[in-house]
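J.: Enclosed is the structure file data24.cif (mmCIF, C-alpha atoms and all ligand atoms).
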data_protein
loop_
_atom_site.label_atom_id
_atom_site.label_comp_id
_atom_site.auth_asym_id
_atom_site.auth_seq_id
_atom_site.Cartn_x
_atom_site.Cartn_y
_atom_site.Cartn_z
CA MET K 1 -20.63 17.37 -62.04
CA SER K 2 -18.49 15.16 -59.84
CA ASP K 3 -18.02 11.50 -60.65
CA ASP K 4 -19.70 10.46 -57.41
CA PRO K 5 -23.15 9.22 -58.49
CA THR K 6 -24.71 9.62 -55.04
CA ARG K 7 -23.46 13.16 -54.70
CA ASN K 8 -24.85 14.01 -58.14
CA LEU K 9 -28.26 12.54 -57.34
CA PHE K 10 -28.39 14.38 -54.02
CA GLN K 11 -27.39 17.61 -55.76
CA ARG K 12 -30.30 17.24 -58.19
CA ALA K 13 -32.67 16.12 -55.44
CA SER K 14 -31.78 19.10 -53.29
CA SER K 15 -33.01 21.44 -56.04
CA THR K 16 -36.33 19.67 -56.45
CA LEU K 17 -37.31 17.91 -53.21
CA VAL K 18 -37.39 19.38 -49.73
CA GLY K 19 -34.05 18.50 -48.16
CA GLY K 20 -33.47 16.20 -51.12
CA VAL K 21 -35.85 13.56 -49.76
CA ASN K 22 -39.54 12.68 -49.49
CA SER K 23 -39.49 11.47 -45.90
CA PRO K 24 -37.20 12.99 -43.26
CA VAL K 25 -35.68 9.77 -41.92
CA ARG K 26 -34.15 9.15 -45.36
CA GLY K 27 -32.27 12.43 -45.09
CA GLU K 28 -30.44 11.52 -41.86
CA PRO K 29 -27.29 9.79 -43.18
CA TYR K 30 -24.17 11.89 -43.79
CA PRO K 31 -22.85 13.07 -46.09
CA TYR K 32 -25.70 11.98 -48.39
CA PRO K 33 -28.77 9.81 -48.15
CA GLU K 34 -28.50 6.44 -49.88
CA PHE K 35 -30.06 6.30 -53.33
CA ILE K 36 -31.11 2.76 -54.21
CA ASP K 37 -30.81 1.66 -57.80
CA HIS K 38 -32.43 -1.75 -57.52
CA ALA K 39 -32.92 -4.68 -55.17
CA THR K 40 -33.42 -8.40 -55.23
CA GLY K 41 -34.17 -10.91 -52.50
CA ALA K 42 -32.61 -9.60 -49.29
CA THR K 43 -30.12 -7.39 -51.13
CA VAL K 44 -30.25 -3.74 -52.17
CA VAL K 45 -27.84 -2.15 -54.64
CA ASP K 46 -27.16 1.56 -54.31
CA ALA K 47 -26.39 4.14 -56.98
CA GLU K 48 -22.68 3.32 -56.70
CA GLY K 49 -23.40 -0.30 -57.55
CA THR K 50 -22.56 -1.47 -54.00
CA GLU K 51 -24.57 -4.41 -52.65
CA TYR K 52 -25.87 -4.64 -49.08
CA ILE K 53 -27.81 -7.17 -47.06
CA ASP K 54 -30.87 -5.06 -46.27
CA TYR K 55 -32.58 -4.91 -42.87
CA VAL K 56 -34.54 -1.73 -43.56
CA MET K 57 -36.89 -3.74 -45.78
CA GLY K 58 -38.93 -0.72 -46.76
CA TYR K 59 -39.33 0.09 -43.02
CA GLY K 60 -41.47 -2.99 -42.58
CA PRO K 61 -43.70 -3.82 -45.55
CA LEU K 62 -41.41 -6.27 -47.36
CA LEU K 63 -42.18 -9.51 -45.53
CA LEU K 64 -41.32 -11.53 -48.62
CA GLY K 65 -38.18 -9.62 -49.56
CA HIS K 66 -37.50 -7.29 -52.45
CA ASP K 67 -38.80 -9.20 -55.41
CA PRO K 68 -42.31 -10.50 -55.02
CA PRO K 69 -42.61 -14.26 -55.56
CA GLU K 70 -44.38 -15.44 -58.70
CA PRO K 71 -47.98 -15.51 -57.37
CA VAL K 72 -47.68 -11.95 -56.04
CA ARG K 73 -46.10 -10.72 -59.26
CA THR K 74 -48.87 -12.35 -61.29
CA ALA K 75 -51.58 -10.94 -59.04
CA ILE K 76 -50.17 -7.42 -59.48
CA ALA K 77 -49.73 -7.77 -63.26
CA ASP K 78 -53.24 -9.18 -63.70
CA ALA K 79 -54.76 -6.39 -61.63
CA VAL K 80 -52.96 -3.78 -63.74
CA ASP K 81 -54.11 -5.53 -66.93
CA ASP K 82 -57.69 -5.30 -65.73
CA GLY K 83 -57.42 -1.50 -65.46
CA VAL K 84 -55.46 0.09 -62.64
CA MET K 85 -58.39 1.46 -60.60
CA TYR K 86 -62.02 2.39 -61.06
CA GLY K 87 -63.52 4.17 -58.07
CA PHE K 88 -66.06 1.35 -57.83
CA SER K 89 -66.20 -1.71 -55.61
CA THR K 90 -64.33 -4.85 -56.64
CA GLU K 91 -64.09 -8.48 -55.53
CA PRO K 92 -60.42 -8.35 -54.38
CA GLU K 93 -61.23 -5.91 -51.55
CA ILE K 94 -63.79 -8.41 -50.21
CA ALA K 95 -61.30 -11.26 -50.53
CA LEU K 96 -58.58 -9.41 -48.60
CA ALA K 97 -61.11 -8.38 -45.93
CA GLU K 98 -62.24 -12.01 -45.58
CA PHE K 99 -58.65 -13.15 -45.15
CA VAL K 100 -57.95 -10.57 -42.45
CA ILE K 101 -61.21 -11.30 -40.59
CA ASP K 102 -60.48 -15.04 -40.72
CA HIS K 103 -57.05 -14.64 -39.14
CA VAL K 104 -57.06 -11.63 -36.82
CA PRO K 105 -59.01 -12.23 -33.59
CA ALA K 106 -60.51 -8.78 -32.98
CA VAL K 107 -61.50 -7.88 -36.54
CA GLU K 108 -65.09 -8.29 -37.74
CA ARG K 109 -65.27 -5.42 -40.24
CA LEU K 110 -62.69 -3.45 -42.20
CA ARG K 111 -62.19 -0.16 -44.00
CA PHE K 112 -59.20 0.01 -46.35
CA VAL K 113 -57.32 3.30 -46.64
CA ASN K 114 -53.90 4.21 -48.06
CA SER K 115 -51.42 4.60 -45.23
CA GLY K 116 -50.85 3.91 -41.59
CA THR K 117 -51.33 7.58 -40.83
CA GLU K 118 -54.76 7.59 -42.47
CA ALA K 119 -55.70 4.45 -40.57
CA THR K 120 -54.78 5.75 -37.12
CA ALA K 121 -56.35 9.16 -37.80
CA ALA K 122 -59.62 7.52 -38.84
CA ALA K 123 -59.56 5.04 -35.94
CA VAL K 124 -59.27 7.88 -33.45
CA ARG K 125 -62.05 9.83 -35.18
CA LEU K 126 -64.20 6.71 -34.98
CA ALA K 127 -63.47 6.29 -31.25
CA ARG K 128 -64.32 9.94 -30.64
CA GLY K 129 -67.51 9.62 -32.69
CA VAL K 130 -68.60 6.44 -30.94
CA THR K 131 -67.91 7.64 -27.38
CA GLY K 132 -68.73 11.34 -27.80
CA ARG K 133 -65.45 12.12 -25.99
CA ASP K 134 -62.38 14.03 -27.19
CA LYS K 135 -59.28 12.90 -25.32
CA ILE K 136 -56.99 10.05 -26.29
CA VAL K 137 -54.25 8.37 -24.29
CA VAL K 138 -51.07 7.54 -26.21
CA MET K 139 -47.67 6.15 -25.21
CA GLN K 140 -44.67 8.48 -24.96
CA ASN K 141 -42.32 7.75 -27.88
CA GLY K 142 -44.95 5.66 -29.60
CA TYR K 143 -45.49 6.38 -33.30
CA HIS K 144 -48.75 6.49 -35.19
CA GLY K 145 -47.86 8.54 -38.25
CA GLY K 146 -47.85 12.21 -39.09
CA HIS K 147 -51.14 13.47 -37.73
CA GLU K 148 -52.13 16.31 -35.40
CA SER K 149 -53.50 14.00 -32.70
CA PHE K 150 -50.31 11.94 -32.36
CA LEU K 151 -47.49 14.43 -32.88
CA VAL K 152 -47.69 15.26 -29.22
CA ASP K 153 -45.22 14.65 -26.40
CA GLY K 154 -44.92 15.69 -22.78
CA ASP K 155 -47.14 14.14 -20.13
CA PRO K 156 -50.84 14.21 -19.23
CA ALA K 157 -50.43 17.39 -17.15
CA ASN K 158 -48.51 19.10 -19.91
CA PRO K 159 -49.00 17.71 -23.42
CA LYS K 160 -47.07 19.66 -26.07
CA PRO K 161 -47.12 19.73 -29.87
CA ASP K 162 -44.18 17.75 -31.22
CA SER K 163 -44.14 19.63 -34.52
CA ALA K 164 -44.57 23.20 -35.65
CA GLY K 165 -48.01 23.76 -37.12
CA ILE K 166 -50.00 21.86 -34.50
CA PRO K 167 -52.36 24.01 -32.42
CA GLU K 168 -51.97 23.74 -28.63
CA ALA K 169 -55.70 23.11 -28.55
CA PHE K 170 -55.20 19.86 -30.48
CA ALA K 171 -52.29 18.74 -28.32
CA GLU K 172 -54.38 19.29 -25.18
CA GLN K 173 -56.65 16.45 -26.28
CA THR K 174 -53.78 13.95 -26.25
CA LEU K 175 -52.49 12.45 -22.99
CA PRO K 176 -49.04 10.81 -23.36
CA VAL K 177 -48.04 8.27 -20.70
CA PRO K 178 -44.96 6.02 -20.46
CA PHE K 179 -45.35 2.63 -22.14
CA ASN K 180 -45.52 -0.25 -19.65
CA ASP K 181 -46.46 2.09 -16.80
CA ALA K 182 -49.75 0.70 -15.50
CA ASP K 183 -49.82 3.20 -12.62
CA ALA K 184 -49.55 6.17 -14.98
CA VAL K 185 -52.41 4.89 -17.15
CA THR K 186 -54.55 4.14 -14.10
CA ASP K 187 -53.85 7.64 -12.85
CA VAL K 188 -54.76 9.31 -16.14
CA PHE K 189 -58.09 7.46 -16.15
CA ALA K 190 -58.70 8.46 -12.53
CA HIS K 191 -58.33 12.12 -13.57
CA HIS K 192 -59.88 12.12 -17.04
CA GLY K 193 -61.88 8.86 -17.22
CA ASP K 194 -65.09 10.35 -18.55
CA GLU K 195 -63.25 12.43 -21.19
CA ILE K 196 -61.16 9.62 -22.70
CA ALA K 197 -62.37 8.25 -26.03
CA ALA K 198 -59.56 5.75 -26.53
CA VAL K 199 -56.19 4.40 -25.60
CA LEU K 200 -54.05 4.15 -28.71
CA THR K 201 -50.93 2.02 -28.45
CA GLU K 202 -48.64 -0.15 -30.49
CA PRO K 203 -48.66 -3.69 -29.01
CA LEU K 204 -44.89 -3.19 -28.73
CA LEU K 205 -43.06 0.06 -29.40
CA GLY K 206 -41.76 -0.63 -32.89
CA ASN K 207 -40.49 2.82 -33.77
CA CYS K 208 -38.45 3.42 -30.65
CA GLY K 209 -35.86 0.72 -30.52
CA ILE K 210 -38.41 -2.10 -29.99
CA VAL K 211 -39.83 -2.10 -26.49
CA GLU K 212 -41.89 -5.14 -25.57
CA PRO K 213 -44.87 -5.04 -23.22
CA VAL K 214 -44.30 -6.24 -19.66
CA ASP K 215 -46.67 -8.93 -18.37
CA GLY K 216 -50.08 -7.55 -17.59
CA PHE K 217 -49.68 -4.13 -19.23
CA HIS K 218 -52.12 -4.74 -22.08
CA GLU K 219 -54.55 -6.43 -19.69
CA THR K 220 -54.48 -3.28 -17.57
CA LEU K 221 -55.27 -1.17 -20.64
CA ARG K 222 -58.10 -3.54 -21.59
CA ASP K 223 -59.59 -3.42 -18.08
CA LEU K 224 -59.34 0.37 -17.78
CA CYS K 225 -60.98 0.88 -21.18
CA ASP K 226 -63.80 -1.48 -20.18
CA ASP K 227 -64.27 0.17 -16.78
CA TYR K 228 -64.39 3.71 -18.17
CA GLY K 229 -66.15 3.04 -21.49
CA ALA K 230 -63.16 3.94 -23.68
CA LEU K 231 -62.02 2.04 -26.76
CA LEU K 232 -58.71 0.18 -26.90
CA ILE K 233 -56.98 0.73 -30.24
CA PHE K 234 -53.99 -1.42 -31.20
CA ASP K 235 -51.83 0.18 -33.85
CA GLU K 236 -50.57 -2.94 -35.61
CA VAL K 237 -49.11 -1.06 -38.55
CA ILE K 238 -45.69 -2.63 -37.88
CA THR K 239 -46.67 -5.73 -35.91
CA GLY K 240 -49.60 -6.70 -38.15
CA PHE K 241 -48.83 -9.90 -40.11
CA ARG K 242 -45.33 -9.92 -38.64
CA VAL K 243 -45.38 -10.38 -34.83
CA GLY K 244 -47.53 -13.41 -34.10
CA GLY K 245 -47.79 -14.17 -37.82
CA LEU K 246 -51.25 -14.00 -39.38
CA GLN K 247 -53.02 -13.55 -36.02
CA CYS K 248 -50.87 -10.43 -35.46
CA ALA K 249 -49.57 -9.25 -32.08
CA GLN K 250 -53.05 -9.23 -30.53
CA GLY K 251 -53.21 -13.00 -31.06
CA LYS K 252 -49.70 -13.53 -29.74
CA PHE K 253 -50.32 -11.41 -26.63
CA GLY K 254 -53.87 -12.67 -26.13
CA VAL K 255 -55.53 -9.26 -25.83
CA GLU K 256 -58.49 -8.17 -27.97
CA PRO K 257 -58.55 -4.47 -28.84
CA ASP K 258 -61.79 -2.80 -29.98
CA LEU K 259 -60.12 -1.34 -33.06
CA THR K 260 -56.94 -2.29 -34.91
CA THR K 261 -54.98 -0.34 -37.48
CA PHE K 262 -52.91 -2.01 -40.20
CA ALA K 263 -50.67 -0.87 -43.06
CA LYS K 264 -47.14 -1.89 -44.13
CA ILE K 265 -47.24 -5.67 -44.87
CA LEU K 266 -50.96 -5.63 -45.67
CA GLY K 267 -50.33 -3.97 -49.06
CA GLY K 268 -47.67 -6.41 -50.25
CA GLY K 269 -45.28 -3.50 -50.86
CA LEU K 270 -47.86 -1.04 -52.24
CA PRO K 271 -49.32 1.85 -50.23
CA VAL K 272 -52.09 0.70 -47.90
CA GLY K 273 -53.76 1.16 -44.55
CA ALA K 274 -56.79 -0.34 -42.85
CA ILE K 275 -58.95 0.07 -39.78
CA GLY K 276 -60.51 -3.11 -38.41
CA GLY K 277 -62.61 -3.88 -35.39
CA ARG K 278 -65.82 -4.95 -33.83
CA ALA K 279 -68.82 -4.49 -36.11
CA GLU K 280 -70.77 -2.45 -33.56
CA TYR K 281 -68.06 0.23 -33.64
CA MET K 282 -66.99 -0.05 -37.27
CA GLN K 283 -70.49 0.60 -38.55
CA ALA K 284 -70.21 4.13 -37.15
CA PHE K 285 -68.12 4.96 -40.25
CA THR K 286 -69.94 6.44 -43.21
CA PRO K 287 -72.04 5.28 -45.04
CA THR K 288 -73.71 3.27 -42.22
CA GLY K 289 -72.81 5.76 -39.50
CA ASP K 290 -71.93 9.40 -39.21
CA VAL K 291 -68.13 9.32 -38.72
CA PHE K 292 -66.79 10.54 -42.05
CA GLU K 293 -64.19 8.45 -43.84
CA SER K 294 -63.60 8.39 -47.57
CA GLY K 295 -60.80 8.00 -50.12
CA THR K 296 -60.29 8.00 -53.88
CA PHE K 297 -57.73 5.20 -53.63
CA ASN K 298 -59.37 3.27 -50.75
CA GLY K 299 -59.39 -0.46 -51.51
CA HIS K 300 -57.18 0.06 -54.58
CA PRO K 301 -57.55 -3.10 -56.68
CA VAL K 302 -53.82 -3.52 -57.40
CA THR K 303 -52.97 -3.12 -53.72
CA MET K 304 -55.73 -5.48 -52.63
CA ALA K 305 -54.47 -8.14 -55.07
CA ALA K 306 -50.86 -7.67 -53.92
CA GLY K 307 -51.80 -7.79 -50.25
CA LEU K 308 -53.91 -10.92 -50.54
CA ALA K 309 -51.34 -12.76 -52.65
CA THR K 310 -48.62 -11.81 -50.14
CA LEU K 311 -50.53 -13.09 -47.11
CA GLU K 312 -51.64 -16.26 -48.91
CA TYR K 313 -48.05 -16.89 -49.94
CA ALA K 314 -46.86 -16.35 -46.36
CA LYS K 315 -49.46 -18.82 -45.12
CA ALA K 316 -48.77 -21.50 -47.73
CA ASN K 317 -44.98 -21.35 -47.45
CA ASP K 318 -44.33 -21.29 -43.69
CA VAL K 319 -42.82 -17.86 -44.06
CA TYR K 320 -43.26 -17.02 -40.36
CA ASP K 321 -41.38 -20.16 -39.27
CA HIS K 322 -38.54 -19.14 -41.55
CA VAL K 323 -38.28 -15.46 -40.61
CA ASN K 324 -38.81 -16.10 -36.89
CA SER K 325 -36.14 -18.77 -36.72
CA LEU K 326 -33.70 -16.46 -38.51
CA GLY K 327 -34.68 -13.75 -36.03
CA GLU K 328 -33.85 -16.12 -33.17
CA ARG K 329 -30.51 -17.04 -34.76
CA LEU K 330 -29.61 -13.40 -35.23
CA ARG K 331 -30.69 -12.26 -31.75
CA SER K 332 -28.94 -15.11 -29.96
CA GLY K 333 -25.78 -14.66 -32.04
CA LEU K 334 -25.79 -10.96 -31.28
CA THR K 335 -26.35 -11.60 -27.59
CA GLU K 336 -23.23 -13.79 -27.56
CA ILE K 337 -21.21 -11.14 -29.37
CA VAL K 338 -22.15 -8.33 -27.01
CA ALA K 339 -21.63 -10.53 -23.96
CA ASP K 340 -18.00 -10.76 -25.07
CA THR K 341 -17.59 -7.11 -25.93
CA ASN K 342 -19.45 -4.69 -23.73
CA HIS K 343 -22.40 -4.68 -21.36
CA GLU K 344 -23.67 -1.35 -22.62
CA TYR K 345 -25.54 -2.94 -25.49
CA THR K 346 -28.95 -4.56 -25.38
CA VAL K 347 -30.31 -6.95 -28.00
CA VAL K 348 -34.04 -6.43 -28.41
CA GLY K 349 -36.77 -7.76 -30.66
CA THR K 350 -39.12 -10.65 -31.25
CA ASP K 351 -40.24 -12.75 -34.20
CA SER K 352 -38.61 -11.18 -37.27
CA MET K 353 -37.78 -7.81 -35.66
CA PHE K 354 -34.45 -7.03 -34.02
CA LYS K 355 -32.26 -4.18 -32.93
CA LEU K 356 -29.02 -3.71 -31.06
CA LEU K 357 -29.52 -0.76 -28.73
CA PHE K 358 -26.77 1.36 -27.30
CA THR K 359 -28.22 1.68 -23.86
CA ARG K 360 -25.94 3.30 -21.32
CA SER K 361 -24.89 1.95 -17.93
CA GLN K 362 -27.08 -1.09 -18.31
CA ASP K 363 -27.25 -3.00 -15.08
CA ASP K 364 -27.84 -6.72 -15.36
CA SER K 365 -30.89 -6.71 -13.11
CA GLU K 366 -32.79 -4.65 -15.67
CA PRO K 367 -31.54 -5.93 -18.99
CA VAL K 368 -34.30 -4.70 -21.29
CA PRO K 369 -35.69 -1.21 -21.87
CA THR K 370 -39.34 -0.93 -20.80
CA THR K 371 -40.16 2.62 -21.93
CA GLY K 372 -39.38 4.80 -24.92
CA ALA K 373 -37.36 7.05 -22.59
CA ASP K 374 -35.03 4.12 -21.77
CA VAL K 375 -34.20 3.91 -25.48
CA ARG K 376 -33.95 7.69 -25.93
CA THR K 377 -31.25 7.93 -23.26
CA GLY K 378 -29.04 5.49 -25.19
CA ALA K 379 -25.97 6.57 -27.10
CA THR K 380 -27.89 7.43 -30.24
CA HIS K 381 -25.08 9.39 -31.90
CA ARG K 382 -22.71 6.52 -31.45
CA TRP K 383 -25.22 4.24 -33.09
CA ALA K 384 -25.68 6.51 -36.11
CA ARG K 385 -22.11 7.78 -36.50
CA LEU K 386 -20.11 4.67 -35.66
CA LEU K 387 -22.13 1.47 -35.79
CA ARG K 388 -24.16 2.14 -38.91
CA PRO K 389 -21.24 3.25 -41.14
CA ALA K 390 -19.14 0.33 -39.88
CA MET K 391 -21.96 -2.08 -40.75
CA LYS K 392 -22.17 -0.52 -44.22
CA ASP K 393 -18.44 -1.10 -44.63
CA HIS K 394 -19.24 -4.76 -44.00
CA SER K 395 -22.08 -4.76 -46.57
CA VAL K 396 -25.00 -4.61 -44.15
CA LEU K 397 -27.53 -1.79 -44.48
CA LEU K 398 -29.37 -0.70 -41.32
CA PRO K 399 -31.85 2.16 -40.81
CA PRO K 400 -30.28 5.58 -40.17
CA ASN K 401 -30.95 5.69 -36.43
CA GLN K 402 -31.24 3.71 -33.24
CA PHE K 403 -35.03 3.97 -33.18
CA GLU K 404 -36.26 2.36 -36.40
CA SER K 405 -36.73 -1.38 -36.15
CA GLN K 406 -34.87 -3.85 -38.39
CA PHE K 407 -36.70 -6.57 -40.28
CA ILE K 408 -35.91 -10.04 -41.56
CA SER K 409 -37.70 -11.18 -44.72
CA ALA K 410 -38.48 -14.51 -46.35
CA ALA K 411 -35.62 -13.80 -48.74
CA HIS K 412 -32.96 -13.71 -45.99
CA THR K 413 -30.98 -16.93 -45.52
CA GLU K 414 -28.97 -18.48 -42.69
CA ASP K 415 -25.89 -17.47 -44.61
CA ASP K 416 -27.06 -13.82 -44.62
CA ILE K 417 -27.57 -14.00 -40.86
CA ASP K 418 -24.13 -15.47 -40.28
CA ARG K 419 -22.50 -12.82 -42.49
CA THR K 420 -24.46 -10.18 -40.58
CA LEU K 421 -23.20 -11.50 -37.25
CA GLU K 422 -19.64 -11.36 -38.55
CA ALA K 423 -20.26 -7.76 -39.59
CA TYR K 424 -21.51 -6.89 -36.09
CA GLU K 425 -18.49 -8.62 -34.58
CA HIS K 426 -16.14 -6.43 -36.63
CA ALA K 427 -18.21 -3.26 -36.22
CA LEU K 428 -18.33 -3.60 -32.44
CA ALA K 429 -14.68 -4.58 -32.02
C1 LIG H 501 -45.26 3.27 -40.02
C2 LIG H 501 -46.22 3.44 -38.91
C3 LIG H 501 -47.32 4.31 -38.99
C4 LIG H 501 -47.51 5.25 -40.15
O1 LIG H 501 -47.77 4.55 -41.32
P1 LIG H 501 -47.55 5.33 -42.71
O2 LIG H 501 -47.99 4.32 -43.73
O3 LIG H 501 -46.10 5.65 -42.77
O4 LIG H 501 -48.41 6.54 -42.67
C5 LIG H 501 -48.25 4.30 -37.97
N1 LIG H 501 -48.10 3.49 -36.91
C6 LIG H 501 -47.05 2.66 -36.78
C7 LIG H 501 -46.96 1.77 -35.58
C8 LIG H 501 -46.08 2.61 -37.77
O5 LIG H 501 -45.03 1.81 -37.64
#
Once you've parsed the file, please lay out its structure as structure tokens.
Ligand SMILES: *Cc1c(COP(=O)(O)O)cnc(C)c1O

T.:
Amino acid sequence: MSDDPTRNLFQRASSTLVGGVNSPVRGEPYPYPEFIDHATGATVVDAEGTEYIDYVMGYGPLLLGHDPPEPVRTAIADAVDDGVMYGFSTEPEIALAEFVIDHVPAVERLRFVNSGTEATAAAVRLARGVTGRDKIVVMQNGYHGGHESFLVDGDPANPKPDSAGIPEAFAEQTLPVPFNDADAVTDVFAHHGDEIAAVLTEPLLGNCGIVEPVDGFHETLRDLCDDYGALLIFDEVITGFRVGGLQCAQGKFGVEPDLTTFAKILGGGLPVGAIGGRAEYMQAFTPTGDVFESGTFNGHPVTMAAGLATLEYAKANDVYDHVNSLGERLRSGLTEIVADTNHEYTVVGTDSMFKLLFTRSQDDSEPVPTTGADVRTGATHRWARLLRPAMKDHSVLLPPNQFESQFISAAHTEDDIDRTLEAYEHALA
């Protein structure tokens, strides 16, 4: 055994877990993935005992930071005391559903599941069941979890599986178009209108740098779905209860989807997913309808308690004002820094999400990426090999690649933001 604790953990992990990790993005850093020992507030401490200001924040769920505030902690402890789960209905699942329905414009009914992937898979099955059609339109470089229908790239004329193990016949049912390209979506409906069950999109691309919608794009999607009888599904797994606060991105952008998927923040740090939407569609799920959906852990009482306590805490403590103003401070500080250093960077993000993209040969007339491809053509190696390690040297922990969003939590402070800006200033020098 060496005396490097991370190396030793990775050595053990490599003999027991595939690639030493349980999710591939964690395996990206060289030479070893980070192993976290513990965390508090906005800070994580790795196996070496080194502290970092954390902007991974669990990849999105940790709106309130690493240690749940007292009411959330109590809600979780009480739910565990009452027996961890039962496989029967409980009051907390109603209470969380009521909260979501009260705050999110396009949600009248809910089904709780256990991950974002489960939620999007079920939402698409529901859309197919309701419309009797098979094809779905998705955005190139969008992300909806690890499921056969969404691990597809290419274009509508030539959709291709994006993973081994996915039959061509599945991929053929998925039509990927560029985000923000109203003409491409209009065209795909002109060709396949009566075969399209749904358009599935994130309100902003949150897993590819952060690409915001251009004016009118969502309205075009809404109109096309209405004209052709397809359902509009917003995947708010990242944006839900973050962008736009409790009304979610659909409230902020003023567009009502037919179905919405949630996960991440909704579980207060525990595994969760949910499908929400208009009652006339939602009732097509079993038991009222004939679109099968079921789960042993669906509506898990500990998760429901944690999720409700988290959202109630956020509401009662002006958490969105806090995280959004820190987001503004960080984005504007970063914009000043890159203005002084190099025009090949773009600061992106909104509310409490941010990212510094290494976009190449950026010309000032088009300062922001509008498609996933714009982000993909950036200097991604430079981001991962130079920026990220340099930020770590300055005690700031970012996700392993240029694509994953970065998140500010209620536990971050102005001082954290200012220290982070100093770190960027050094790392970019
Ligand atoms: C994270 C994510 C998913 C997948 O959620 P899991 O809980 O990881 O299965 C789906 N859609 C979006 C937009 C996500 O960010």

J.: Which protein, DNA or RNA residues have an atom at most 10 Å from (-54.2, 2.0, -33.2), counting only C-alpha atoms? List them as a ChimeraX atom specification.

T.: /K:116-117,119-124,138,143-144,198-203,232-237,257-262,275-276

J.: Would you work out the distance separating CA of Cys208 (chain K) from CA of Glu256 (chain K), expressed in Å to one decimal?

T.: 23.3 Å

J.: Residues near His381 (chain K), anyone? I mean within 10 Å using only C-alpha atoms, not counting same-chain ones fewer than 5 positions away, as a PDB file with C-alpha atoms, in the coordinates of the input.

T.:
ATOM      1  CA  PHE K 358     -26.770   1.360 -27.300  1.00  0.00           C
ATOM      2  CA  LEU K 386     -20.110   4.670 -35.660  1.00  0.00           C
ATOM      3  CA  LEU K 387     -22.130   1.470 -35.790  1.00  0.00           C
ATOM      4  CA  ASN K 401     -30.950   5.690 -36.430  1.00  0.00           C
ATOM      5  CA  GLN K 402     -31.240   3.710 -33.240  1.00  0.00           C
TER       6      GLN K 402
END

J.: Give the answer as one residue: which of K:Asn298, K:Thr74, K:Thr40, K:Ser2 has the shortest atom-to-atom distance to Tyr86 (chain K), using all atoms listed in the file?

T.: K:Asn298
